[in-house]
Amino acid sequence: MAMPDAVVAFRLTGKVQRTLQEALAGSVPVRYTAELEECQFLLQRHRSTALVVQVPTVSAASDLSALLDLRHLFPFVSVTGIYTEPTSDLSAVARLGAVGIVDFIPAEQTHRADLVRALLSRGHIESFVARIWRMTSLAVHESVATLLRPAITLAHAPITLPRLAAATKMHERSLRKYCEGQGLPSPQWIIGWARTLVIAYYLEEQGRSIQSISTLLGFSSPALLASHLRRYTRRTASDLRRHAPLLTAARMLEHALVPTPPFYSQ
């Protein structure tokens with residue numbers, strides 16, 4: 001389960017802080033703050049930070065304003081909301097959407113480590129994919145994006161064809177036929193490029209070793225990760241690291257999707 005590097009908990013009640021701390025103990029560092037400036041500082045310290053907030057009530061206009069400011073400054077930070085009042089009314093739904101809260105959990109459920117971790121992981125992966133797409137401005141046809149985006153969401157572990165089929169809500173046979181009908185390489189090729197983009201993303205991090213990336217992404221050894229990179233980019237990790245690894249990999253993918261002109265003999 002892919003998790004953010006750290007969690008910043010903003011303006012939570014003391015009781016919720018205690019249960020959240022117990023739920024996440026030993027799995028991911030959590031920083032608590034009620035100050036807006038300190039929250040901004042903490043969110044900047046890590047590359048993939050998640051934000052956990054109290055869903056603002058109608059009367060808490062200042063809290064809503066603070067969250068809107070945070071969302072503006074950190075558009076790719078995943079936000080998980082904790083609520084202490086019913087959220088079925090339209091005004092509550094509007095408040096959730098305004099600050100980018102997609103997943104939320106009732107305060108009395110924050111002791112459930114499995115639920116809290118699942119929500120944080122899902123939000124982290126969604127923001128991770130959005131960040132890759134924005135950082136690279138990937139110029140691929142929608143038919144490619146339809147498979148590539150779901151593949152990237154799965155790319156922190158080896159991706160089997162059944163997993164990609166489930167993520168795209170297709171049968172495996174339909175997935176193959178889709179690629180054939182769209183003139184795309186095989187689904188396995190898309191899977192391979194999804195993993196390549198994620199490797200390149202982590203190569204951007206200063207001090208991130210090849211060993212740590214291979215462990216993070218489920219490669220059994222750094223040698224297998226290196227072999228994967230050479231297969232798709234024909235470069236080593238050191239070569240990619242010299243200049244914008246993620247952007248370079250994205251441009252290679254775009255070039256690989258350009259049809260080769262037919263050869264005409266004179």
# chains A, B, ... in the order shown; residues from 1 in each chain; ligands from 1
>>> residues_around(residues="segment 244-246 of chain A", least_positions_apart="6", cutoff="8 Å", atoms="only C-alpha atoms", output="VMD selection string")
chain A and resid 132 135 to 136 197 200 to 201 203 to 204
>>> write_last_selection(atoms="all heavy atoms", output="PDB file, in the first residue's frame")
ATOM      1  N   ILE A 132       2.328  13.655 -11.742  1.00  0.00           N
ATOM      2  CA  ILE A 132       3.104  13.168 -12.887  1.00  0.00           C
ATOM      3  C   ILE A 132       2.560  13.761 -14.182  1.00  0.00           C
ATOM      4  O   ILE A 132       3.311  14.221 -15.043  1.00  0.00           O
ATOM      5  CB  ILE A 132       3.075  11.625 -12.943  1.00  0.00           C
ATOM      6  CG1 ILE A 132       3.988  11.044 -11.859  1.00  0.00           C
ATOM      7  CG2 ILE A 132       3.486  11.103 -14.324  1.00  0.00           C
ATOM      8  CD1 ILE A 132       4.024   9.534 -11.815  1.00  0.00           C
ATOM      9  N   MET A 135       3.506  17.509 -14.247  1.00  0.00           N
ATOM     10  CA  MET A 135       4.944  17.751 -14.362  1.00  0.00           C
ATOM     11  C   MET A 135       5.464  17.454 -15.766  1.00  0.00           C
ATOM     12  O   MET A 135       6.426  18.067 -16.219  1.00  0.00           O
ATOM     13  CB  MET A 135       5.719  16.890 -13.348  1.00  0.00           C
ATOM     14  CG  MET A 135       5.601  17.364 -11.914  1.00  0.00           C
ATOM     15  SD  MET A 135       6.388  16.213 -10.741  1.00  0.00           S
ATOM     16  CE  MET A 135       8.117  16.387 -11.202  1.00  0.00           C
ATOM     17  N   THR A 136       4.812  16.537 -16.457  1.00  0.00           N
ATOM     18  CA  THR A 136       5.296  16.133 -17.775  1.00  0.00           C
ATOM     19  C   THR A 136       4.489  16.736 -18.910  1.00  0.00           C
ATOM     20  O   THR A 136       4.943  16.730 -20.055  1.00  0.00           O
ATOM     21  CB  THR A 136       5.236  14.603 -17.928  1.00  0.00           C
ATOM     22  OG1 THR A 136       3.871  14.161 -17.769  1.00  0.00           O
ATOM     23  CG2 THR A 136       6.106  13.911 -16.904  1.00  0.00           C
ATOM     24  N   LEU A 197       7.622   5.526 -15.851  1.00  0.00           N
ATOM     25  CA  LEU A 197       7.356   6.907 -15.436  1.00  0.00           C
ATOM     26  C   LEU A 197       7.473   7.063 -13.924  1.00  0.00           C
ATOM     27  O   LEU A 197       7.982   8.077 -13.425  1.00  0.00           O
ATOM     28  CB  LEU A 197       5.974   7.339 -15.903  1.00  0.00           C
ATOM     29  CG  LEU A 197       5.806   7.558 -17.418  1.00  0.00           C
ATOM     30  CD1 LEU A 197       4.337   7.768 -17.761  1.00  0.00           C
ATOM     31  CD2 LEU A 197       6.640   8.756 -17.889  1.00  0.00           C
ATOM     32  N   ALA A 200      11.091   7.055 -12.962  1.00  0.00           N
ATOM     33  CA  ALA A 200      11.668   8.358 -13.303  1.00  0.00           C
ATOM     34  C   ALA A 200      11.251   9.427 -12.307  1.00  0.00           C
ATOM     35  O   ALA A 200      12.040  10.319 -11.965  1.00  0.00           O
ATOM     36  CB  ALA A 200      11.250   8.752 -14.716  1.00  0.00           C
ATOM     37  N   TYR A 201      10.020   9.346 -11.821  1.00  0.00           N
ATOM     38  CA  TYR A 201       9.541  10.301 -10.820  1.00  0.00           C
ATOM     39  C   TYR A 201      10.434  10.238  -9.571  1.00  0.00           C
ATOM     40  O   TYR A 201      10.866  11.266  -9.041  1.00  0.00           O
ATOM     41  CB  TYR A 201       8.096   9.993 -10.456  1.00  0.00           C
ATOM     42  CG  TYR A 201       7.542  10.869  -9.352  1.00  0.00           C
ATOM     43  CD1 TYR A 201       6.923  12.076  -9.645  1.00  0.00           C
ATOM     44  CD2 TYR A 201       7.652  10.496  -8.015  1.00  0.00           C
ATOM     45  CE1 TYR A 201       6.424  12.888  -8.632  1.00  0.00           C
ATOM     46  CE2 TYR A 201       7.158  11.302  -7.002  1.00  0.00           C
ATOM     47  CZ  TYR A 201       6.536  12.489  -7.318  1.00  0.00           C
ATOM     48  OH  TYR A 201       6.053  13.291  -6.317  1.00  0.00           O
ATOM     49  N   LEU A 203      13.449   9.076  -9.396  1.00  0.00           N
ATOM     50  CA  LEU A 203      14.826   9.468  -9.709  1.00  0.00           C
ATOM     51  C   LEU A 203      15.025  10.975  -9.578  1.00  0.00           C
ATOM     52  O   LEU A 203      16.159  11.453  -9.463  1.00  0.00           O
ATOM     53  CB  LEU A 203      15.191   9.027 -11.133  1.00  0.00           C
ATOM     54  CG  LEU A 203      15.436   7.534 -11.347  1.00  0.00           C
ATOM     55  CD1 LEU A 203      15.632   7.237 -12.834  1.00  0.00           C
ATOM     56  CD2 LEU A 203      16.642   7.052 -10.542  1.00  0.00           C
ATOM     57  N   GLU A 204      13.923  11.732  -9.589  1.00  0.00           N
ATOM     58  CA  GLU A 204      13.999  13.182  -9.408  1.00  0.00           C
ATOM     59  C   GLU A 204      14.403  13.553  -7.978  1.00  0.00           C
ATOM     60  O   GLU A 204      14.913  14.648  -7.741  1.00  0.00           O
ATOM     61  CB  GLU A 204      12.628  13.821  -9.705  1.00  0.00           C
ATOM     62  CG  GLU A 204      12.109  13.596 -11.110  1.00  0.00           C
ATOM     63  CD  GLU A 204      12.362  14.782 -12.010  1.00  0.00           C
ATOM     64  OE1 GLU A 204      12.787  15.832 -11.503  1.00  0.00           O
ATOM     65  OE2 GLU A 204      12.134  14.643 -13.227  1.00  0.00           O
TER      66      GLU A 204
END
>>> select_by_dssp(residues="segment 31-185 of chain A", states="alpha helix (DSSP H)", output="PyMOL selection string")
chain A and resi 36-45+61-73+90-98+113-136+142-154+161-167+172-181
>>> select_by_dssp(residues="segment 45-213 of chain A", states="strand (DSSP E)", output="ChimeraX atom specification")
/A:49-54,78-83,101-106
>>> write_last_selection(atoms="all heavy atoms", output="CSV table (one decimal), in the first residue's frame")
chain,number,residue,atom,x,y,z
A,49,THR,N,3.2,14.9,0.8
A,49,THR,CA,2.5,15.0,2.1
A,49,THR,C,1.0,15.0,1.9
A,49,THR,O,0.5,15.5,1.0
A,49,THR,CB,2.9,16.4,2.7
A,49,THR,OG1,4.3,16.6,2.6
A,49,THR,CG2,2.5,16.4,4.2
A,50,ALA,N,0.4,14.3,2.9
A,50,ALA,CA,-1.1,14.3,2.9
A,50,ALA,C,-1.6,15.2,4.0
A,50,ALA,O,-0.9,15.4,5.0
A,50,ALA,CB,-1.6,12.9,3.1
A,51,LEU,N,-2.7,15.8,3.7
A,51,LEU,CA,-3.3,16.8,4.7
A,51,LEU,C,-4.6,16.1,5.3
A,51,LEU,O,-5.5,15.7,4.5
A,51,LEU,CB,-3.7,18.1,4.0
A,51,LEU,CG,-4.3,19.2,4.9
A,51,LEU,CD1,-3.3,19.6,6.0
A,51,LEU,CD2,-4.6,20.4,4.0
A,52,VAL,N,-4.7,16.1,6.6
A,52,VAL,CA,-5.9,15.6,7.3
A,52,VAL,C,-6.5,16.8,8.0
A,52,VAL,O,-5.8,17.5,8.8
A,52,VAL,CB,-5.6,14.5,8.2
A,52,VAL,CG1,-6.9,14.1,9.0
A,52,VAL,CG2,-5.0,13.3,7.5
A,53,VAL,N,-7.8,17.1,7.7
A,53,VAL,CA,-8.4,18.3,8.3
A,53,VAL,C,-9.8,17.9,8.9
A,53,VAL,O,-10.4,16.9,8.6
A,53,VAL,CB,-8.6,19.4,7.2
A,53,VAL,CG1,-7.3,19.7,6.6
A,53,VAL,CG2,-9.6,18.9,6.1
A,54,GLN,N,-10.2,18.8,9.8
A,54,GLN,CA,-11.5,18.7,10.3
A,54,GLN,C,-12.4,19.4,9.3
A,54,GLN,O,-12.2,20.5,8.8
A,54,GLN,CB,-11.6,19.5,11.6
A,54,GLN,CG,-12.8,19.1,12.5
A,54,GLN,CD,-12.5,18.1,13.5
A,54,GLN,OE1,-11.3,17.8,13.8
A,54,GLN,NE2,-13.5,17.5,14.2
A,78,SER,N,-3.1,15.6,-1.2
A,78,SER,CA,-4.3,14.9,-1.0
A,78,SER,C,-4.9,15.4,0.3
A,78,SER,O,-4.2,15.6,1.3
A,78,SER,CB,-4.1,13.4,-1.0
A,78,SER,OG,-3.2,13.0,0.1
A,79,VAL,N,-6.2,15.5,0.4
A,79,VAL,CA,-6.9,16.0,1.6
A,79,VAL,C,-7.9,15.0,2.0
A,79,VAL,O,-8.9,14.7,1.3
A,79,VAL,CB,-7.6,17.4,1.3
A,79,VAL,CG1,-8.1,18.0,2.6
A,79,VAL,CG2,-6.6,18.4,0.7
A,80,THR,N,-7.8,14.6,3.2
A,80,THR,CA,-8.8,13.7,3.9
A,80,THR,C,-9.5,14.4,5.0
A,80,THR,O,-8.8,15.0,5.8
A,80,THR,CB,-8.1,12.4,4.4
A,80,THR,OG1,-7.5,11.7,3.4
A,80,THR,CG2,-9.2,11.5,5.1
A,81,GLY,N,-10.8,14.4,5.0
A,81,GLY,CA,-11.6,15.1,6.0
A,81,GLY,C,-12.1,14.3,7.1
A,81,GLY,O,-12.4,13.1,6.9
A,82,ILE,N,-12.1,14.8,8.3
A,82,ILE,CA,-12.7,14.1,9.4
A,82,ILE,C,-13.9,15.0,9.9
A,82,ILE,O,-13.7,16.2,10.1
A,82,ILE,CB,-11.7,14.0,10.6
A,82,ILE,CG1,-10.5,13.1,10.1
A,82,ILE,CG2,-12.4,13.4,11.8
A,82,ILE,CD1,-9.4,13.0,11.1
A,83,TYR,N,-15.1,14.4,10.0
A,83,TYR,CA,-16.2,15.2,10.3
A,83,TYR,C,-16.9,14.7,11.6
A,83,TYR,O,-16.8,13.6,12.0
A,83,TYR,CB,-17.3,15.2,9.2
A,83,TYR,CG,-17.9,13.9,8.9
A,83,TYR,CD1,-19.1,13.5,9.5
A,83,TYR,CD2,-17.4,13.0,7.9
A,83,TYR,CE1,-19.7,12.3,9.2
A,83,TYR,CE2,-18.0,11.8,7.6
A,83,TYR,CZ,-19.1,11.4,8.3
A,83,TYR,OH,-19.7,10.2,8.0
A,101,ILE,N,-11.6,18.0,-0.7
A,101,ILE,CA,-11.8,16.8,0.1
A,101,ILE,C,-12.7,15.8,-0.7
A,101,ILE,O,-13.8,16.1,-1.0
A,101,ILE,CB,-12.5,17.0,1.5
A,101,ILE,CG1,-11.6,18.0,2.3
A,101,ILE,CG2,-12.7,15.7,2.3
A,101,ILE,CD1,-12.3,18.4,3.6
A,102,VAL,N,-12.1,14.7,-1.0
A,102,VAL,CA,-12.8,13.6,-1.7
A,102,VAL,C,-13.2,12.5,-0.8
A,102,VAL,O,-14.3,12.0,-0.8
A,102,VAL,CB,-12.0,13.1,-2.9
A,102,VAL,CG1,-12.8,11.9,-3.6
A,102,VAL,CG2,-11.7,14.2,-3.9
A,103,ASP,N,-12.3,12.1,0.0
A,103,ASP,CA,-12.5,11.1,1.0
A,103,ASP,C,-12.7,11.7,2.4
A,103,ASP,O,-11.9,12.6,2.8
A,103,ASP,CB,-11.3,10.1,1.1
A,103,ASP,CG,-11.3,9.2,-0.2
A,103,ASP,OD1,-12.4,8.7,-0.6
A,103,ASP,OD2,-10.2,9.0,-0.7
A,104,PHE,N,-13.6,11.2,3.2
A,104,PHE,CA,-13.7,11.7,4.5
A,104,PHE,C,-14.2,10.5,5.4
A,104,PHE,O,-14.7,9.5,5.0
A,104,PHE,CB,-14.7,12.9,4.6
A,104,PHE,CG,-16.0,12.7,4.0
A,104,PHE,CD1,-17.1,12.2,4.7
A,104,PHE,CD2,-16.2,12.9,2.6
A,104,PHE,CE1,-18.3,12.1,4.1
A,104,PHE,CE2,-17.4,12.8,2.0
A,104,PHE,CZ,-18.5,12.3,2.8
A,105,ILE,N,-14.0,10.7,6.7
A,105,ILE,CA,-14.3,9.7,7.7
A,105,ILE,C,-14.9,10.3,8.9
A,105,ILE,O,-14.4,11.4,9.4
A,105,ILE,CB,-12.9,8.9,8.0
A,105,ILE,CG1,-13.1,7.8,9.0
A,105,ILE,CG2,-11.9,9.9,8.5
A,105,ILE,CD1,-11.9,7.0,9.3
A,106,PRO,N,-15.9,9.6,9.6
A,106,PRO,CA,-16.4,10.2,10.8
A,106,PRO,C,-15.4,10.1,11.9
A,106,PRO,O,-14.6,9.2,12.0
A,106,PRO,CB,-17.6,9.3,11.1
A,106,PRO,CG,-17.4,8.1,10.3
A,106,PRO,CD,-16.6,8.5,9.1
>>> closest_residue(among="A:His111, A:His156, A:Arg45, A:Arg134", to="Met1 of chain A", atoms="only C-alpha atoms")
A:His156
>>> residues_around(residues="Thr33 of chain A", least_positions_apart="5", cutoff="8 Å", atoms="only C-alpha atoms", output="PDB file with C-alpha atoms, in the first residue's frame")
ATOM      1  CA  VAL A   8      -0.019  16.961   8.380  1.00  0.00           C
ATOM      2  CA  ALA A   9      -3.073  17.114  10.635  1.00  0.00           C
ATOM      3  CA  PHE A  10      -4.585  20.591  10.731  1.00  0.00           C
ATOM      4  CA  ARG A  11      -6.850  21.904  13.487  1.00  0.00           C
ATOM      5  CA  GLU A  38       3.172  26.250  10.409  1.00  0.00           C
ATOM      6  CA  CYS A  39       0.885  24.003   8.353  1.00  0.00           C
TER       7      CYS A  39
END
